[in-house]
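Trainee: start-v5.cif is reproduced below (mmCIF, C-alpha atoms (C1' of nucleotides)).
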data_structure
loop_
_atom_site.label_atom_id
_atom_site.label_comp_id
_atom_site.auth_asym_id
_atom_site.auth_seq_id
_atom_site.Cartn_x
_atom_site.Cartn_y
_atom_site.Cartn_z
CA MET A 1 15.07 0.61 -2.20
CA LEU A 2 13.36 -2.02 -0.07
CA LEU A 3 10.25 0.07 0.47
CA ASN A 4 9.58 0.28 -3.27
CA PHE A 5 9.64 -3.49 -3.58
CA PHE A 6 7.07 -3.91 -0.87
CA LYS A 7 4.88 -1.22 -2.33
CA ALA A 8 5.06 -2.94 -5.68
CA LEU A 9 4.09 -6.25 -4.13
CA ALA A 10 1.39 -4.92 -1.84
CA HIS A 11 -1.54 -5.20 -4.18
CA GLU A 12 -3.55 -8.23 -5.12
CA SER A 13 -3.66 -7.36 -8.83
CA ARG A 14 0.10 -7.10 -9.01
CA LEU A 15 0.69 -10.36 -7.15
CA ARG A 16 -1.66 -12.08 -9.54
CA LEU A 17 0.13 -10.49 -12.49
CA LEU A 18 3.38 -11.88 -11.18
CA GLY A 19 1.76 -15.29 -11.01
CA PHE A 20 0.77 -15.11 -14.67
CA VAL A 21 4.10 -13.86 -15.94
CA ALA A 22 5.88 -16.47 -13.82
CA GLU A 23 4.00 -19.13 -15.76
CA ARG A 24 5.04 -17.79 -19.17
CA GLU A 25 5.41 -14.56 -21.15
CA HIS A 26 2.17 -12.62 -21.52
CA ASN A 27 1.19 -9.51 -23.42
CA VAL A 28 -1.03 -6.81 -22.05
CA GLN A 29 -4.24 -7.97 -23.74
CA GLU A 30 -3.91 -11.51 -22.46
CA LEU A 31 -3.30 -10.31 -18.97
CA ALA A 32 -6.23 -7.90 -19.09
CA ALA A 33 -8.48 -10.74 -20.22
CA ARG A 34 -7.29 -13.24 -17.62
CA MET A 35 -7.56 -10.72 -14.82
CA ALA A 36 -10.83 -9.15 -15.89
CA LEU A 37 -9.30 -5.69 -15.84
CA LYS A 38 -8.98 -3.07 -18.54
CA GLU A 39 -5.74 -2.72 -20.43
CA PRO A 40 -4.71 0.65 -19.02
CA THR A 41 -5.03 -0.75 -15.52
CA VAL A 42 -2.83 -3.71 -16.35
CA SER A 43 -0.37 -1.42 -18.07
CA HIS A 44 -0.23 0.72 -14.95
CA HIS A 45 0.54 -2.26 -12.71
CA LEU A 46 3.11 -3.66 -15.10
CA GLY A 47 4.80 -0.29 -15.10
CA LEU A 48 5.21 -0.41 -11.33
CA LEU A 49 6.52 -3.96 -11.41
CA LYS A 50 8.94 -3.07 -14.18
CA GLU A 51 10.12 -0.01 -12.27
CA VAL A 52 11.50 -2.19 -9.48
CA GLY A 53 12.76 -4.84 -11.88
CA LEU A 54 10.35 -7.62 -10.93
CA VAL A 55 9.29 -8.03 -14.54
CA SER A 56 11.03 -7.36 -17.83
CA MET A 57 9.56 -6.55 -21.21
CA ARG A 58 10.50 -7.33 -24.77
CA GLN A 59 8.76 -5.77 -27.71
CA ASP A 60 7.70 -7.55 -30.89
CA GLY A 61 6.00 -5.19 -33.26
CA THR A 62 3.33 -3.38 -31.35
CA THR A 63 3.05 -6.20 -28.85
CA HIS A 64 4.80 -5.99 -25.50
CA TRP A 65 5.70 -9.29 -23.89
CA TYR A 66 6.21 -9.24 -20.15
CA MET A 67 7.90 -11.90 -18.07
CA LEU A 68 9.04 -12.43 -14.51
CA GLU A 69 12.57 -11.58 -13.42
CA PRO A 70 13.15 -14.30 -10.85
CA LYS A 71 16.60 -12.93 -10.01
CA THR A 72 15.10 -9.78 -8.59
CA LEU A 73 12.80 -11.76 -6.37
CA SER A 74 15.59 -13.93 -5.03
CA ARG A 75 17.78 -10.91 -4.41
CA LEU A 76 14.92 -9.41 -2.43
CA ALA A 77 14.50 -12.61 -0.44
CA LYS A 78 18.18 -12.73 0.39
CA SER A 79 18.27 -9.14 1.50
CA LEU A 80 15.46 -9.90 3.93
CA LEU A 81 17.60 -12.58 5.49
CA ALA A 82 20.55 -10.22 5.97
CA PRO A 83 20.35 -8.71 9.45
CA SER A 84 22.26 -5.64 8.33
CA GLN A 85 19.32 -4.56 6.19
CA LEU A 86 17.07 -4.55 9.20
CA ALA A 87 19.31 -2.40 11.30
CA ALA A 88 19.40 0.07 8.46
CA LEU A 89 15.63 0.24 8.22
CA LYS A 90 15.15 2.66 11.06
CA GLY A 91 17.36 5.22 9.40
CA ILE A 92 15.57 4.74 6.15
CA ASP A 93 15.95 8.36 5.23
CA ASP A 94 18.57 9.78 7.51
CA GLN A 95 21.87 10.19 5.75
CA PRO A 96 22.43 13.41 7.63
CA THR A 97 25.06 14.75 5.28
CA ASN A 98 24.77 18.40 4.50
CA ASP A 99 25.29 17.51 0.90
CA GLU A 100 21.53 17.42 1.01
CA LYS A 101 21.47 21.18 1.00
CA ILE A 102 23.55 21.27 -2.15
CA VAL A 103 21.20 18.83 -3.82
CA ARG A 104 18.15 20.71 -2.68
CA ASN A 105 19.58 23.87 -4.20
CA TYR A 106 19.74 22.23 -7.58
CA LEU A 107 16.25 20.79 -7.48
CA THR A 108 13.02 22.29 -8.76
CA PRO A 109 9.96 21.84 -6.53
CA ASP A 110 9.00 18.73 -8.46
CA GLY A 111 12.37 17.08 -7.87
CA ARG A 112 14.08 17.65 -11.20
CA LEU A 113 17.57 19.09 -11.67
CA LYS A 114 17.74 22.73 -12.72
CA ASP A 115 21.15 22.28 -14.31
CA PHE A 116 24.50 20.59 -13.92
CA PRO A 117 26.88 22.25 -11.40
CA ALA A 118 30.08 23.74 -12.72
CA SER A 119 32.25 23.05 -9.66
CA ARG A 120 33.63 19.54 -9.50
CA LYS A 121 32.72 19.17 -5.83
CA LYS A 122 29.09 19.98 -6.37
CA ARG A 123 28.97 17.98 -9.54
CA ARG A 124 30.03 14.90 -7.64
CA VAL A 125 27.43 15.50 -4.94
CA ILE A 126 24.74 15.57 -7.59
CA LEU A 127 26.06 12.43 -9.22
CA VAL A 128 26.16 10.60 -5.88
CA TRP A 129 22.57 11.58 -5.30
CA LEU A 130 21.63 10.31 -8.75
CA ALA A 131 23.67 7.10 -8.50
CA ARG A 132 21.96 6.17 -5.25
CA GLN A 133 18.71 5.99 -7.11
CA PHE A 134 19.99 2.85 -8.81
CA ASP A 135 19.63 -0.45 -6.99
CA GLU A 136 22.79 -2.34 -6.20
CA GLY A 137 22.96 -5.76 -7.80
CA ARG A 138 20.34 -5.05 -10.41
CA GLU A 139 21.03 -5.05 -14.13
CA TYR A 140 19.87 -2.07 -16.18
CA SER A 141 19.58 -1.86 -19.93
CA GLU A 142 20.71 1.39 -21.52
CA THR A 143 17.02 2.27 -21.89
CA ASP A 144 16.45 1.65 -18.20
CA VAL A 145 19.34 3.93 -17.32
CA ASN A 146 18.06 6.63 -19.62
CA THR A 147 14.57 6.41 -18.18
CA LEU A 148 15.87 6.77 -14.66
CA ILE A 149 18.07 9.74 -15.54
CA GLU A 150 15.35 11.46 -17.51
CA ARG A 151 13.18 11.58 -14.43
CA ARG A 152 15.74 14.10 -13.17
CA HIS A 153 17.21 15.80 -16.21
CA HIS A 154 16.63 15.71 -19.95
CA ASP A 155 20.33 15.40 -20.82
CA ARG A 156 20.62 11.65 -20.35
CA GLU A 157 23.85 11.39 -22.37
CA THR A 158 25.92 13.71 -20.19
CA PHE A 159 24.75 12.19 -16.93
CA ARG A 160 25.19 8.61 -18.12
CA ARG A 161 28.73 9.40 -19.26
CA GLU A 162 29.59 11.12 -15.97
CA LEU A 163 28.16 8.31 -13.85
CA VAL A 164 30.37 5.85 -15.68
CA GLY A 165 33.34 8.21 -15.50
CA TYR A 166 33.10 8.42 -11.71
CA LYS A 167 32.79 4.61 -11.57
CA MET A 168 29.36 4.85 -10.01
CA LEU A 169 27.88 2.86 -12.86
CA ALA A 170 29.72 0.30 -14.96
CA ARG A 171 28.80 -1.04 -18.36
CA LYS A 172 29.64 -4.65 -19.08
CA GLY A 173 28.26 -6.76 -21.90
CA GLY A 174 25.55 -4.28 -22.82
CA VAL A 175 24.14 -3.96 -19.31
CA TYR A 176 24.76 -1.34 -16.68
CA ARG A 177 25.21 -2.01 -13.01
CA ARG A 178 25.67 0.20 -9.96
CA LEU A 179 29.12 -0.22 -8.41
CA PRO A 180 29.76 -0.36 -4.64
CA GLU A 181 30.24 3.09 -3.14
CA GLU A 182 33.85 2.37 -2.21
CA ASN A 183 34.68 2.25 -5.91
CA TRP A 184 33.24 5.68 -6.63
CA GLN A 185 35.94 8.14 -7.70
CA PRO A 186 36.50 11.31 -5.64
CA MET B 1 -1.26 -14.88 3.34
CA LEU B 2 1.60 -13.41 1.33
CA LEU B 3 -0.35 -10.31 0.34
CA ASN B 4 -0.85 -9.30 3.95
CA PHE B 5 2.87 -9.40 4.61
CA PHE B 6 3.59 -7.09 1.72
CA LYS B 7 0.84 -4.74 2.76
CA ALA B 8 2.26 -4.64 6.26
CA LEU B 9 5.73 -3.89 4.92
CA ALA B 10 4.67 -1.38 2.29
CA HIS B 11 4.81 1.73 4.39
CA GLU B 12 7.80 3.76 5.41
CA SER B 13 6.63 4.21 8.99
CA ARG B 14 6.27 0.50 9.49
CA LEU B 15 9.65 -0.30 7.98
CA ARG B 16 11.23 2.22 10.29
CA LEU B 17 9.35 0.73 13.23
CA LEU B 18 10.77 -2.66 12.33
CA GLY B 19 14.22 -1.12 12.34
CA PHE B 20 13.75 0.19 15.86
CA VAL B 21 12.31 -2.99 17.31
CA ALA B 22 15.05 -4.99 15.59
CA GLU B 23 17.57 -2.97 17.58
CA ARG B 24 15.91 -3.68 20.94
CA GLU B 25 12.54 -3.81 22.66
CA HIS B 26 10.67 -0.52 22.56
CA ASN B 27 7.42 0.70 24.08
CA VAL B 28 4.90 2.85 22.29
CA GLN B 29 5.99 6.16 23.78
CA GLU B 30 9.62 5.64 22.86
CA LEU B 31 8.70 4.73 19.32
CA ALA B 32 6.36 7.70 18.98
CA ALA B 33 9.15 10.01 20.15
CA ARG B 34 11.83 8.52 17.89
CA MET B 35 9.56 8.57 14.87
CA ALA B 36 7.98 11.97 15.48
CA LEU B 37 4.50 10.48 15.31
CA LYS B 38 1.66 10.48 17.81
CA GLU B 39 1.03 7.43 19.94
CA PRO B 40 -2.24 6.39 18.30
CA THR B 41 -0.51 6.32 14.94
CA VAL B 42 2.32 4.16 16.21
CA SER B 43 -0.16 1.90 17.93
CA HIS B 44 -2.04 1.52 14.66
CA HIS B 45 1.08 0.49 12.77
CA LEU B 46 2.23 -1.87 15.49
CA GLY B 47 -1.17 -3.51 15.36
CA LEU B 48 -0.75 -4.27 11.67
CA LEU B 49 2.76 -5.62 12.16
CA LYS B 50 1.58 -7.77 15.04
CA GLU B 51 -1.35 -9.06 13.00
CA VAL B 52 1.03 -10.71 10.53
CA GLY B 53 3.42 -11.80 13.26
CA LEU B 54 6.34 -9.55 12.35
CA VAL B 55 6.47 -8.16 15.87
CA SER B 56 5.49 -9.58 19.24
CA MET B 57 4.42 -7.79 22.38
CA ARG B 58 4.88 -8.41 26.08
CA GLN B 59 3.11 -6.38 28.68
CA ASP B 60 4.65 -5.06 31.90
CA GLY B 61 2.14 -3.08 33.91
CA THR B 62 0.58 -0.55 31.60
CA THR B 63 3.60 -0.58 29.34
CA HIS B 64 3.63 -2.64 26.16
CA TRP B 65 7.03 -3.75 24.93
CA TYR B 66 7.30 -4.60 21.27
CA MET B 67 10.07 -6.53 19.58
CA LEU B 68 10.87 -7.99 16.20
CA GLU B 69 10.01 -11.61 15.36
CA PRO B 70 12.92 -12.45 13.10
CA LYS B 71 11.53 -15.95 12.45
CA THR B 72 8.56 -14.51 10.63
CA LEU B 73 10.79 -12.47 8.41
CA SER B 74 12.99 -15.41 7.50
CA ARG B 75 9.96 -17.58 6.82
CA LEU B 76 8.72 -14.88 4.49
CA ALA B 77 12.09 -14.70 2.75
CA LYS B 78 12.17 -18.44 2.26
CA SER B 79 8.69 -18.55 0.85
CA LEU B 80 9.73 -15.96 -1.72
CA LEU B 81 12.48 -18.29 -2.85
CA ALA B 82 10.09 -21.21 -3.30
CA PRO B 83 8.91 -21.24 -6.90
CA SER B 84 5.70 -23.00 -5.94
CA GLN B 85 4.50 -19.88 -4.17
CA LEU B 86 4.79 -17.89 -7.33
CA ALA B 87 2.79 -20.27 -9.45
CA ALA B 88 0.08 -20.08 -6.83
CA LEU B 89 -0.03 -16.29 -6.90
CA LYS B 90 -2.17 -16.00 -9.98
CA GLY B 91 -4.95 -17.99 -8.38
CA ILE B 92 -4.73 -15.93 -5.27
CA ASP B 93 -8.42 -16.11 -4.63
CA ASP B 94 -9.77 -18.90 -6.75
CA GLN B 95 -10.51 -21.96 -4.72
CA PRO B 96 -13.61 -22.55 -6.79
CA THR B 97 -15.22 -24.91 -4.33
CA ASN B 98 -18.89 -24.44 -3.86
CA ASP B 99 -18.31 -24.71 -0.16
CA GLU B 100 -18.06 -20.98 -0.56
CA LYS B 101 -21.80 -20.78 -0.83
CA ILE B 102 -22.21 -22.56 2.47
CA VAL B 103 -19.81 -20.18 4.11
CA ARG B 104 -21.46 -17.18 2.58
CA ASN B 105 -24.77 -18.33 3.95
CA TYR B 106 -23.42 -18.24 7.46
CA LEU B 107 -21.81 -14.83 7.16
CA THR B 108 -23.28 -11.47 8.05
CA PRO B 109 -22.55 -8.64 5.62
CA ASP B 110 -19.55 -7.63 7.70
CA GLY B 111 -18.01 -11.08 7.50
CA ARG B 112 -18.89 -12.47 10.91
CA LEU B 113 -20.50 -15.84 11.58
CA LYS B 114 -24.21 -15.77 12.36
CA ASP B 115 -24.02 -19.05 14.27
CA PHE B 116 -22.43 -22.50 14.31
CA PRO B 117 -24.00 -25.00 11.88
CA ALA B 118 -25.74 -28.02 13.33
CA SER B 119 -24.91 -30.48 10.55
CA ARG B 120 -21.48 -32.00 10.79
CA LYS B 121 -20.79 -31.45 7.09
CA LYS B 122 -21.48 -27.74 7.23
CA ARG B 123 -19.71 -27.41 10.54
CA ARG B 124 -16.55 -28.77 8.98
CA VAL B 125 -16.84 -26.39 6.03
CA ILE B 126 -16.99 -23.46 8.40
CA LEU B 127 -14.03 -24.74 10.39
CA VAL B 128 -11.98 -25.22 7.22
CA TRP B 129 -12.75 -21.66 6.26
CA LEU B 130 -11.70 -20.48 9.71
CA ALA B 131 -8.58 -22.65 9.88
CA ARG B 132 -7.34 -21.26 6.58
CA GLN B 133 -7.15 -17.87 8.16
CA PHE B 134 -4.19 -19.10 10.18
CA ASP B 135 -0.76 -19.02 8.59
CA GLU B 136 1.07 -22.31 8.23
CA GLY B 137 4.33 -22.43 10.10
CA ARG B 138 3.55 -19.58 12.42
CA GLU B 139 3.23 -19.93 16.18
CA TYR B 140 0.15 -18.47 17.86
CA SER B 141 -0.31 -17.84 21.55
CA GLU B 142 -3.71 -18.69 22.99
CA THR B 143 -4.47 -14.98 22.95
CA ASP B 144 -3.56 -14.76 19.27
CA VAL B 145 -5.88 -17.66 18.48
CA ASN B 146 -8.69 -16.08 20.45
CA THR B 147 -8.24 -12.74 18.73
CA LEU B 148 -8.37 -14.34 15.32
CA ILE B 149 -11.49 -16.35 16.16
CA GLU B 150 -13.24 -13.40 17.74
CA ARG B 151 -13.03 -11.51 14.49
CA ARG B 152 -15.55 -14.08 13.26
CA HIS B 153 -17.53 -15.20 16.30
CA HIS B 154 -17.68 -14.28 19.97
CA ASP B 155 -17.57 -17.90 21.17
CA ARG B 156 -13.85 -18.38 21.02
CA GLU B 157 -13.85 -21.40 23.34
CA THR B 158 -16.09 -23.58 21.17
CA PHE B 159 -14.30 -22.76 17.96
CA ARG B 160 -10.86 -23.24 19.44
CA ARG B 161 -11.86 -26.62 20.82
CA GLU B 162 -13.36 -27.71 17.51
CA LEU B 163 -10.35 -26.57 15.48
CA VAL B 164 -8.13 -28.68 17.70
CA GLY B 165 -10.61 -31.57 17.58
CA TYR B 166 -10.52 -31.67 13.80
CA LYS B 167 -6.72 -31.52 13.91
CA MET B 168 -6.68 -28.24 12.05
CA LEU B 169 -4.85 -26.58 14.90
CA ALA B 170 -2.51 -28.31 17.34
CA ARG B 171 -1.38 -27.13 20.73
CA LYS B 172 2.14 -28.01 21.77
CA GLY B 173 4.08 -26.45 24.63
CA GLY B 174 1.64 -23.62 25.13
CA VAL B 175 1.64 -22.51 21.50
CA TYR B 176 -0.78 -23.27 18.73
CA ARG B 177 0.11 -24.08 15.18
CA ARG B 178 -1.88 -24.74 12.03
CA LEU B 179 -1.51 -28.34 10.83
CA PRO B 180 -1.12 -29.31 7.16
CA GLU B 181 -4.47 -29.80 5.45
CA GLU B 182 -3.84 -33.49 4.88
CA ASN B 183 -4.02 -34.00 8.64
CA TRP B 184 -7.43 -32.38 8.96
CA GLN B 185 -10.08 -34.88 10.08
CA PRO B 186 -13.09 -35.50 7.83
"C1'" DT C 1 -12.80 3.24 45.60
"C1'" DG C 2 -10.62 6.67 43.01
"C1'" DC C 3 -6.81 8.70 40.59
"C1'" DA C 4 -2.72 8.56 37.29
"C1'" DT C 5 -0.39 6.64 33.44
"C1'" DA C 6 0.24 3.88 29.10
"C1'" DT C 7 -2.08 2.20 25.45
"C1'" DT C 8 -5.87 1.31 22.41
"C1'" DT C 9 -10.10 2.49 20.00
"C1'" DC C 10 -13.12 5.76 17.60
"C1'" DG C 11 -14.40 9.17 14.30
"C1'" DA C 12 -13.08 12.68 11.16
"C1'" DT C 13 -10.02 14.40 7.67
"C1'" DA C 14 -6.42 14.16 4.44
"C1'" DA C 15 -3.21 11.72 1.45
"C1'" DG C 16 -2.39 8.09 -1.69
"C1'" DT C 17 -3.54 5.09 -5.38
"C1'" DA C 18 -6.58 1.71 -8.40
"C1'" DT C 19 -9.54 1.88 -11.92
"C1'" DC C 20 -11.94 3.58 -15.65
"C1'" DT C 21 -12.74 6.33 -20.24
"C1'" DA C 22 -10.72 9.16 -23.60
"C1'" DT C 23 -6.71 10.48 -25.95
"C1'" DC C 24 -2.00 10.19 -27.53
"C1'" DT C 25 2.07 7.41 -29.27
"C1'" DT C 26 4.34 3.79 -31.62
"C1'" DT C 27 4.72 0.21 -35.02
"C1'" DA C 28 3.37 -2.27 -39.06
"C1'" DC C 29 1.45 -2.60 -43.41
"C1'" DC C 30 -0.83 -0.86 -47.65
"C1'" DG D 1 1.48 9.53 -46.23
"C1'" DG D 2 -2.95 6.95 -44.29
"C1'" DT D 3 -4.91 3.60 -41.55
"C1'" DA D 4 -5.30 -0.08 -38.03
"C1'" DA D 5 -3.77 -2.39 -33.89
"C1'" DA D 6 -1.39 -2.52 -29.36
"C1'" DG D 7 0.09 -0.13 -25.68
"C1'" DA D 8 1.00 3.98 -22.83
"C1'" DT D 9 -0.43 8.29 -20.77
"C1'" DA D 10 -3.72 11.78 -18.84
"C1'" DG D 11 -7.53 13.12 -16.16
"C1'" DA D 12 -11.49 12.05 -13.25
"C1'" DT D 13 -13.60 9.37 -9.65
"C1'" DA D 14 -13.83 6.07 -6.01
"C1'" DC D 15 -11.67 3.31 -2.57
"C1'" DT D 16 -8.25 2.59 0.85
"C1'" DT D 17 -5.61 3.91 4.62
"C1'" DA D 18 -2.43 7.23 7.47
"C1'" DT D 19 -2.79 10.49 10.84
"C1'" DC D 20 -4.59 13.11 14.42
"C1'" DG D 21 -7.43 14.66 18.71
"C1'" DA D 22 -10.82 12.93 21.82
"C1'" DA D 23 -12.71 9.30 24.37
"C1'" DA D 24 -12.46 4.61 26.23
"C1'" DT D 25 -9.90 0.79 28.41
"C1'" DA D 26 -6.57 -1.40 31.36
"C1'" DT D 27 -3.22 -1.51 35.03
"C1'" DG D 28 -1.10 -0.12 39.25
"C1'" DC D 29 -1.23 2.31 43.41
"C1'" DA D 30 -2.85 5.33 47.42
#
Can the structure in the file be given as structure tokens, please?
Mentor:
Amino acid sequence: MLLNFFKALAHESRLRLLGFVAEREHNVQELAARMALKEPTVSHHLGLLKEVGLVSMRQDGTTHWYMLEPKTLSRLAKSLLAPSQLAALKGIDDQPTNDEKIVRNYLTPDGRLKDFPASRKKRRVILVWLARQFDEGREYSETDVNTLIERRHHDRETFRRELVGYKMLARKGGVYRRLPEENWQP
Amino acid sequence: MLLNFFKALAHESRLRLLGFVAEREHNVQELAARMALKEPTVSHHLGLLKEVGLVSMRQDGTTHWYMLEPKTLSRLAKSLLAPSQLAALKGIDDQPTNDEKIVRNYLTPDGRLKDFPASRKKRRVILVWLARQFDEGREYSETDVNTLIERRHHDRETFRRELVGYKMLARKGGVYRRLPEENWQP
DNA sequence: TGCATATTTCGATAAGTATCTATCTTTACC
DNA sequence: GGTAAAGATAGATACTTATCGAAATATGCA
């Protein structure tokens, strides 16, 4: 979602972090040193940037190497140029379907799923809700997908399988991608 | 500055406001009603959006009509695509000139200018500092220029004249624009 | 001049989040 | 298994800013 990108970019520390990882890969210690911040703080900011896909991470032993994902930035830039995005901004949270009630019924107060509906209709509503939490056009590793699902339900396997089954997510060459809504199975 | 754009865009209310003013001109009351917020709140957000040039305002009687400035948005998008911007991000606040000391000497604790230096050298340093507070590529009305100067010193006339004199700002067809630094007179 | 209306500004409160220290987790190596 | 190193997470505190009601400002009109 557009808002999350701007929130991620709206802090001087994170913009500077992006500058460093645009230059070359950095690990957390290096970044903490160059920015004169403590490691947990840097880790926190990197987490937010990673969440929206602006940086990626590869692990080598206990060291985590972060680098910029320029694709994400250029996708963001292009979406700013598309006038359709703007028109949609005003309704940023009004998809006035009454599917919302169904979803709300399955959510705990902290926004996690109580369980997985038995009826096919409701099951699809839940999966739609979940699928919309993926960004279109972004690539997700299996770990990314699991992380996102686990924010809502511990059973990542079932949900991942169902999302693919309904053609909401597709796996190709080891990466997952959200499919356009018109492809989603009924 | 890039950071200010992201800060302006990093709030749901302001994104929704942009959506409305992208659709058509709106006044403050209309926006307050459509967003279910009070007028002072809307006014506050519009002020921030106006500050970075994302919206413009025209006044008709006591009514203020706000509309989107799509140019600003597309300039922002383009600057995101330019790789040079990114490299610069890490040094977001290190222009390690010792002109900074001169500037600091002329500033009150709240960041306003005590007075206007007598020596030409120092005067130029102050004007450079002031000129850099304008965005390159953006158009400023005379009122915009005055507002920006008055944040630093009440004597808007003198500073405006000097900025133009040093070719840091140029006036063309009723609008002001920041000139590239290589044009600035010594 | 004085009143009415639209907006902005001010001051207080509440919500959000950046940063730190301390602790927990993961990985490598003996 | 035990220990060390790198990073992540949790909890506390401080800073920033969103929001509101009340007061101030600006414009138009009798």
Trainee: Chain B vs chain A: Cα RMSD after least-squares superposition over all Cα in order?
Mentor: 0.1 Å
Trainee: Record the distance separating atom CA of Leu68 of chain A and atom CA of Val21 of chain A, expressed in Å with one decimal.
Mentor: 5.3 Å
Trainee: Could you give me, as JSON lines, every chain A residue with an atom at most 10 Å from chain D, plus its closest atom pair and distance in Å to one decimal, counting all atoms listed in the file, rows ordered by chain then number?
Mentor:
{"residue": "A:Asn27", "atom": "CA", "partner": "D:DA6", "partner_atom": "C1'", "distance": 9.5}
{"residue": "A:Val28", "atom": "CA", "partner": "D:DG7", "partner_atom": "C1'", "distance": 7.7}
{"residue": "A:Gln29", "atom": "CA", "partner": "D:DA6", "partner_atom": "C1'", "distance": 8.3}
{"residue": "A:Glu39", "atom": "CA", "partner": "D:DG7", "partner_atom": "C1'", "distance": 8.3}
{"residue": "A:Pro40", "atom": "CA", "partner": "D:DA8", "partner_atom": "C1'", "distance": 7.6}
{"residue": "A:Ser43", "atom": "CA", "partner": "D:DA8", "partner_atom": "C1'", "distance": 7.3}
{"residue": "A:His44", "atom": "CA", "partner": "D:DA8", "partner_atom": "C1'", "distance": 8.6}
{"residue": "A:Gly47", "atom": "CA", "partner": "D:DA8", "partner_atom": "C1'", "distance": 9.6}
{"residue": "A:Gly61", "atom": "CA", "partner": "D:DA6", "partner_atom": "C1'", "distance": 8.8}
{"residue": "A:Thr62", "atom": "CA", "partner": "D:DA6", "partner_atom": "C1'", "distance": 5.2}
{"residue": "A:Thr63", "atom": "CA", "partner": "D:DA6", "partner_atom": "C1'", "distance": 5.8}
{"residue": "A:His64", "atom": "CA", "partner": "D:DG7", "partner_atom": "C1'", "distance": 7.5}
Trainee: Counting all atoms listed in the file, which residues of chain C fall within 9 Å of chain A, and what is the closest atom pair for each with its distance in Å at one decimal, ordered by chain and rising number, as a tab-separated table?
Mentor:
residue	atom	partner	partner_atom	distance
C:DA18	C1'	A:Thr41	CA	7.7
C:DT19	C1'	A:Thr41	CA	6.3
C:DC20	C1'	A:Lys38	CA	7.8
C:DT26	C1'	A:Thr62	CA	7.2
C:DT27	C1'	A:Thr62	CA	5.3
C:DA28	C1'	A:Gly61	CA	7.0
Trainee: Could you tell me how far atom CA of Glu51 of chain A sits from atom CA of Leu31 of chain A, in Å to one decimal place?
Mentor: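 The value is 18.2 Å.
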Trainee: I need the residue nearest chain A from this list: B:Ser79, B:Asn105, B:Ser56, B:Thr147. Use only C-alpha atoms for the distance.
Mentor: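 Checking each candidate against chain A, we get B:Ser79 as the closest.
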Trainee: Go ahead and compute the interatomic distance for atom CA of Leu127 of chain B and atom CA of Gly173 of chain B, in Å to one decimal.
Mentor: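 Separation between atom CA of Leu127 of chain B and atom CA of Gly173 of chain B: 23.1 Å.
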Trainee: So, counting only C-alpha atoms, which residue among A:Met67, A:Leu76, A:Val55, A:Leu48 is closest to chain B?
Mentor: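 So, comparing all the options, the nearest one is A:Leu76.
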Trainee: Missing atoms in segment 138-149 of chain A: fill them in up to N, CA and C atoms and send the result as a CSV table (one decimal), in the frame of the given file.
Mentor:
chain,number,residue,atom,x,y,z
A,138,ARG,N,21.3,-4.9,-9.3
A,138,ARG,CA,20.3,-5.0,-10.4
A,138,ARG,C,21.0,-4.7,-11.7
A,139,GLU,N,20.5,-5.4,-12.8
A,139,GLU,CA,21.0,-5.0,-14.1
A,139,GLU,C,20.1,-4.1,-14.8
A,140,TYR,N,20.7,-3.1,-15.5
A,140,TYR,CA,19.9,-2.1,-16.2
A,140,TYR,C,20.3,-2.1,-17.6
A,141,SER,N,19.3,-2.1,-18.5
A,141,SER,CA,19.6,-1.9,-19.9
A,141,SER,C,19.9,-0.4,-20.1
A,142,GLU,N,20.5,0.0,-21.3
A,142,GLU,CA,20.7,1.4,-21.5
A,142,GLU,C,19.4,2.2,-21.4
A,143,THR,N,18.3,1.6,-21.9
A,143,THR,CA,17.0,2.3,-21.9
A,143,THR,C,16.6,2.5,-20.4
A,144,ASP,N,16.8,1.5,-19.6
A,144,ASP,CA,16.4,1.6,-18.2
A,144,ASP,C,17.2,2.8,-17.6
A,145,VAL,N,18.5,2.9,-17.9
A,145,VAL,CA,19.3,3.9,-17.3
A,145,VAL,C,18.8,5.3,-17.8
A,146,ASN,N,18.6,5.4,-19.1
A,146,ASN,CA,18.1,6.6,-19.6
A,146,ASN,C,16.8,7.1,-19.0
A,147,THR,N,15.9,6.1,-18.8
A,147,THR,CA,14.6,6.4,-18.2
A,147,THR,C,14.8,7.0,-16.8
A,148,LEU,N,15.7,6.3,-16.0
A,148,LEU,CA,15.9,6.8,-14.7
A,148,LEU,C,16.5,8.2,-14.6
A,149,ILE,N,17.4,8.4,-15.5
A,149,ILE,CA,18.1,9.7,-15.5
A,149,ILE,C,17.1,10.8,-16.0
